[in-house]
Every structure is written in structure tokens, then in C-alpha cells.
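Content type mmCIF, C-alpha atoms and all ligand atoms, from the file input-v9.cif:
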data_input
#
loop_
_atom_site.group_PDB
_atom_site.id
_atom_site.type_symbol
_atom_site.label_atom_id
_atom_site.label_comp_id
_atom_site.auth_asym_id
_atom_site.auth_seq_id
_atom_site.Cartn_x
_atom_site.Cartn_y
_atom_site.Cartn_z
ATOM 1 C CA MET A 1 285.208 302.158 77.352
ATOM 2 C CA SER A 2 284.353 304.062 80.495
ATOM 3 C CA THR A 3 280.956 304.587 82.025
ATOM 4 C CA LEU A 4 279.531 307.735 83.537
ATOM 5 C CA VAL A 5 276.845 307.089 86.120
ATOM 6 C CA ALA A 6 274.440 309.826 87.083
ATOM 7 C CA LYS A 7 271.196 310.120 88.996
ATOM 8 C CA LEU A 8 268.488 311.770 86.919
ATOM 9 C CA ASP A 9 264.914 312.197 88.045
ATOM 10 C CA HIS A 10 265.242 309.561 90.770
ATOM 11 C CA ARG A 11 266.742 306.974 88.434
ATOM 12 C CA TRP A 12 270.340 305.899 88.076
ATOM 13 C CA ILE A 13 271.446 305.929 84.466
ATOM 14 C CA SER A 14 274.748 305.115 82.854
ATOM 15 C CA PHE A 15 276.355 306.531 79.739
ATOM 16 C CA PRO A 16 279.024 304.567 77.904
ATOM 17 C CA LEU A 17 281.969 306.809 77.116
ATOM 18 C CA ARG A 18 283.769 305.756 73.961
ATOM 19 C CA GLN A 19 287.399 306.629 73.544
ATOM 20 C CA PRO A 20 288.708 306.534 69.955
ATOM 21 C CA GLY A 21 291.436 303.962 69.490
ATOM 22 C CA LEU A 22 290.674 302.124 72.708
ATOM 23 C CA ARG A 23 289.671 298.509 72.157
ATOM 24 C CA VAL A 24 286.915 297.073 74.279
ATOM 25 C CA THR A 25 287.896 293.650 75.524
ATOM 26 C CA ALA A 26 285.564 290.853 76.443
ATOM 27 C CA ALA A 27 286.709 291.130 80.035
ATOM 28 C CA SER A 28 285.700 294.786 80.304
ATOM 29 C CA LYS A 29 282.273 294.005 78.868
ATOM 30 C CA MET A 30 281.697 291.442 81.602
ATOM 31 C CA GLN A 31 282.403 293.723 84.568
ATOM 32 C CA LEU A 32 279.630 293.977 87.087
ATOM 33 C CA SER A 33 277.637 297.172 87.136
ATOM 34 C CA THR A 34 278.370 299.647 89.887
ATOM 35 C CA VAL A 35 275.003 301.293 89.465
ATOM 36 C CA PRO A 36 273.287 301.282 92.861
ATOM 37 C CA PRO A 37 269.952 299.451 93.002
ATOM 38 C CA GLU A 38 266.771 301.481 93.042
ATOM 39 C CA PRO A 39 264.549 301.281 96.083
ATOM 40 C CA VAL A 40 261.285 299.408 95.839
ATOM 41 C CA ILE A 41 258.089 301.121 96.957
ATOM 42 C CA PRO A 42 256.660 299.510 100.095
ATOM 43 C CA SER A 43 253.989 302.186 100.595
ATOM 44 C CA LYS A 44 252.581 305.059 98.591
ATOM 45 C CA LYS A 45 251.763 306.928 101.781
ATOM 46 C CA PRO A 46 253.978 308.192 104.604
ATOM 47 C CA PHE A 47 254.102 306.586 108.036
ATOM 48 C CA LYS A 48 253.026 308.652 111.044
ATOM 49 C CA VAL A 49 255.613 307.975 113.732
ATOM 50 C CA GLU A 50 256.202 309.283 117.242
ATOM 51 C CA LEU A 51 259.932 309.807 117.610
ATOM 52 C CA VAL A 52 261.793 310.071 120.909
ATOM 53 C CA GLY A 53 264.336 312.879 121.139
ATOM 54 C CA GLY A 54 267.934 311.659 121.455
ATOM 55 C CA LYS A 55 267.102 308.138 120.262
ATOM 56 C CA ARG A 56 268.865 306.791 117.163
ATOM 57 C CA TYR A 57 266.681 305.583 114.277
ATOM 58 C CA SER A 58 267.501 303.828 111.014
ATOM 59 C CA TRP A 59 265.108 304.728 108.224
ATOM 60 C CA CYS A 60 264.869 302.076 105.483
ATOM 61 C CA THR A 61 266.041 303.440 102.110
ATOM 62 C CA CYS A 62 265.719 300.235 100.073
ATOM 63 C CA GLY A 63 262.039 299.505 100.729
ATOM 64 C CA HIS A 64 262.581 295.811 101.449
ATOM 65 C CA SER A 65 262.334 296.036 105.243
ATOM 66 C CA ARG A 66 259.374 294.301 106.839
ATOM 67 C CA ASN A 67 259.591 296.823 109.668
ATOM 68 C CA GLN A 68 258.640 299.931 107.633
ATOM 69 C CA PRO A 69 259.567 302.686 107.775
ATOM 70 C CA PHE A 70 262.597 301.420 109.667
ATOM 71 C CA CYS A 71 265.465 299.185 108.605
ATOM 72 C CA ASP A 72 265.466 295.472 109.430
ATOM 73 C CA GLY A 73 268.732 294.659 107.626
ATOM 74 C CA SER A 74 267.066 293.431 104.405
ATOM 75 C CA HIS A 75 269.276 295.734 102.289
ATOM 76 C CA LYS A 76 272.240 293.450 103.032
ATOM 77 C CA PHE A 77 270.644 290.695 100.962
ATOM 78 C CA LYS A 78 268.144 292.386 98.662
ATOM 79 C CA ALA A 79 269.620 295.807 97.871
ATOM 80 C CA GLN A 80 273.365 295.786 98.259
ATOM 81 C CA GLY A 81 274.623 299.320 97.740
ATOM 82 C CA LEU A 82 271.751 300.935 99.602
ATOM 83 C CA PHE A 83 272.074 301.690 103.297
ATOM 84 C CA PRO A 84 269.691 302.894 105.987
ATOM 85 C CA LEU A 85 269.616 306.564 106.884
ATOM 86 C CA ARG A 86 270.509 306.929 110.539
ATOM 87 C CA PHE A 87 269.200 309.963 112.385
ATOM 88 C CA ILE A 88 268.678 311.233 115.909
ATOM 89 C CA PRO A 89 265.817 313.698 116.475
ATOM 90 C CA ASP A 90 266.575 316.615 118.817
ATOM 91 C CA LYS A 91 263.301 316.280 120.702
ATOM 92 C CA ASP A 92 260.179 314.140 120.941
ATOM 93 C CA ALA A 93 258.039 314.713 117.863
ATOM 94 C CA THR A 94 255.282 313.189 115.780
ATOM 95 C CA VAL A 95 256.439 313.132 112.162
ATOM 96 C CA TRP A 96 255.541 311.657 108.788
ATOM 97 C CA LEU A 97 258.339 309.422 107.536
ATOM 98 C CA CYS A 98 258.466 308.676 103.824
ATOM 99 C CA GLY A 99 257.056 305.320 102.778
ATOM 100 C CA CYS A 100 257.676 305.546 99.035
ATOM 101 C CA LYS A 101 261.484 305.963 99.477
ATOM 102 C CA TYR A 102 261.699 308.705 96.846
ATOM 103 C CA THR A 103 261.407 311.775 99.063
ATOM 104 C CA ASN A 104 263.847 314.611 98.449
ATOM 105 C CA ASN A 105 263.926 315.322 102.180
ATOM 106 C CA PRO A 106 264.772 311.953 103.726
ATOM 107 C CA PRO A 107 263.600 310.522 106.021
ATOM 108 C CA TYR A 108 260.605 312.848 105.973
ATOM 109 C CA CYS A 109 257.731 312.837 103.498
ATOM 110 C CA ASP A 110 257.832 315.800 101.132
ATOM 111 C CA GLY A 111 254.814 314.867 99.013
ATOM 112 C CA THR A 112 256.794 313.140 96.278
ATOM 113 C CA HIS A 113 254.477 310.120 96.663
ATOM 114 C CA LYS A 114 251.785 312.165 94.904
ATOM 115 C CA GLN A 115 253.809 312.425 91.698
ATOM 116 C CA ASP A 116 252.864 310.280 88.699
ATOM 117 C CA PHE A 117 255.997 308.139 88.730
ATOM 118 C CA ILE A 118 255.066 306.914 92.229
ATOM 119 C CA VAL A 119 251.290 306.767 91.716
ATOM 120 C CA SER A 120 251.685 304.642 88.563
ATOM 121 C CA ALA A 121 254.480 302.431 89.926
ATOM 122 C CA PRO A 122 253.791 298.967 91.350
ATOM 123 C CA LEU A 123 253.828 298.476 95.108
ATOM 124 C CA HIS A 124 256.486 296.091 96.331
ATOM 125 C CA ASP A 125 255.000 292.797 97.495
ATOM 126 C CA GLN A 126 256.564 292.117 100.909
ATOM 127 C CA THR A 127 255.880 288.408 100.443
ATOM 128 C CA ASP A 128 258.343 288.393 97.523
ATOM 129 C CA CYS A 129 261.597 286.924 98.705
HETATM 130 S S1 LIG A 201 255.711 308.834 101.233
HETATM 131 FE FE1 LIG A 201 257.556 309.291 100.120
HETATM 132 S S2 LIG A 201 257.391 311.432 99.770
HETATM 133 FE FE2 LIG A 201 255.579 310.955 100.863
#

Take the structure in the file and give it back as C-alpha cells.
Amino acid sequence: MSTLVAKLDHRWISFPLRQPGLRVTAASKMQLSTVPPEPVIPSKKPFKVELVGGKRYSWCTCGHSRNQPFCDGSHKFKAQGLFPLRFIPDKDATVWLCGCKYTNNPPYCDGTHKQDFIVSAPLHDQTDC
């Protein structure tokens, strides 16, 4: 049995693909999932940040960082498979960086945090370890 993994509406889903005549062994049922983890939501509002042109930034994509909206390396332990988004702004600018981690224009807020699936979702408790 093979698995098709696809991202649909901000969620990773998998579809088992059955092949007639192919036996599923116990070993293949026990394989670890390759589905990437979903980010947690550290904030339901964007962060206003003053960026320095030419400086490299790492925007947290997993939501576990205690240095929001930037990466502190927490993804290595709490969200393996997710990585920070590195970017270098062309010039100094004040911007709104996404805090919900579900923007469609990362790292910038695009208003996705106003959608129901974010509004009704639980906020990640940063004291959870
Ligand atoms: S805070 Fe994520 S889209 Fe606005």
C-alpha cells in the first residue's frame, strides 16, 4: 500500500493507495509517517516588527519558538520537518509578520488569522514543553 500526501486547506492529509494483489505486511503498517507536523498557533495577531535592510532573519514556521515571530531553534525538538523561513529585506521597513503561522504570504500577515479555522483554534501554551 502506498500513501499520497497532500496539503489541503492548510492541513496535511494522507490517502492510502490500495494496489490489487499487493499484500500489506506488518512491517509496512508500522512505518513512521512522513506527514510534516502542523504548526501550532502562538498568536492570533501579527507582530509589528522593524526590519533592517540587508540583515538576515529567520521567521518561525512551527510556532514553538519563545522568540516570536522569530526562530529560536525549537523546531529541532518540537516540530521536526518544519524549518524557519530565512529572508533578507531589501531596505529598512516596518512590517507585520504573521503570528498565526498560516499566512499564504510568509513571513508577512495576509489576514488569514481572521478566518474561522484560526479564530476557533486553541492558542499554543508556550509553557507546554
Ligand atoms: S497573523 Fe497569520 S495571517 Fe495574520

Centre and edges of the ligand LIG 201 (chain A) box, axis-aligned, 5 Å extra per side, as lines of an AutoDock Vina configuration file:
center_x = 256.6
center_y = 310.1
center_z = 100.5
size_x = 12.0
size_y = 12.6
size_z = 11.5

Any residue with an atom at most 6 Å from ligand LIG 201 (chain A) counts, using only C-alpha atoms and all ligand atoms. Which are they? Put them as an MDAnalysis selection string. chainID A and resid 44:46 98:103 109:113

Put those residues in a file: C-alpha atoms, as a CSV table (one decimal), in the coordinates of the input.
chain,number,residue,atom,x,y,z
A,44,LYS,CA,252.6,305.1,98.6
A,45,LYS,CA,251.8,306.9,101.8
A,46,PRO,CA,254.0,308.2,104.6
A,98,CYS,CA,258.5,308.7,103.8
A,99,GLY,CA,257.1,305.3,102.8
A,100,CYS,CA,257.7,305.5,99.0
A,101,LYS,CA,261.5,306.0,99.5
A,102,TYR,CA,261.7,308.7,96.8
A,103,THR,CA,261.4,311.8,99.1
A,109,CYS,CA,257.7,312.8,103.5
A,110,ASP,CA,257.8,315.8,101.1
A,111,GLY,CA,254.8,314.9,99.0
A,112,THR,CA,256.8,313.1,96.3
A,113,HIS,CA,254.5,310.1,96.7

Around (260.1, 298.7, 109.1) in the file's own coordinates, what residues are found within 12 Å if you use only C-alpha atoms, given back as a ChimeraX atom specification? /A:42-43,47,49,57-75,84,97-99,126

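When CA of Pro106 in chain A is paired with CA of Lys78 in chain A, their separation reads 20.5 Å.
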
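The space between CA of Pro122 in chain A and CA of Leu82 in chain A spans 19.9 Å.
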
Atomic separation - CA of Lys55 in chain A relative to CA of Phe87 in chain A, Å: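 Rounded to one decimal, the two atoms are 8.4 Å apart.
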
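Proximity to Leu85 in chain A was assessed for A:Asp116, A:Arg56, A:Lys48, A:Val35 counting only C-alpha atoms; the smallest distance is recorded for A:Arg56.
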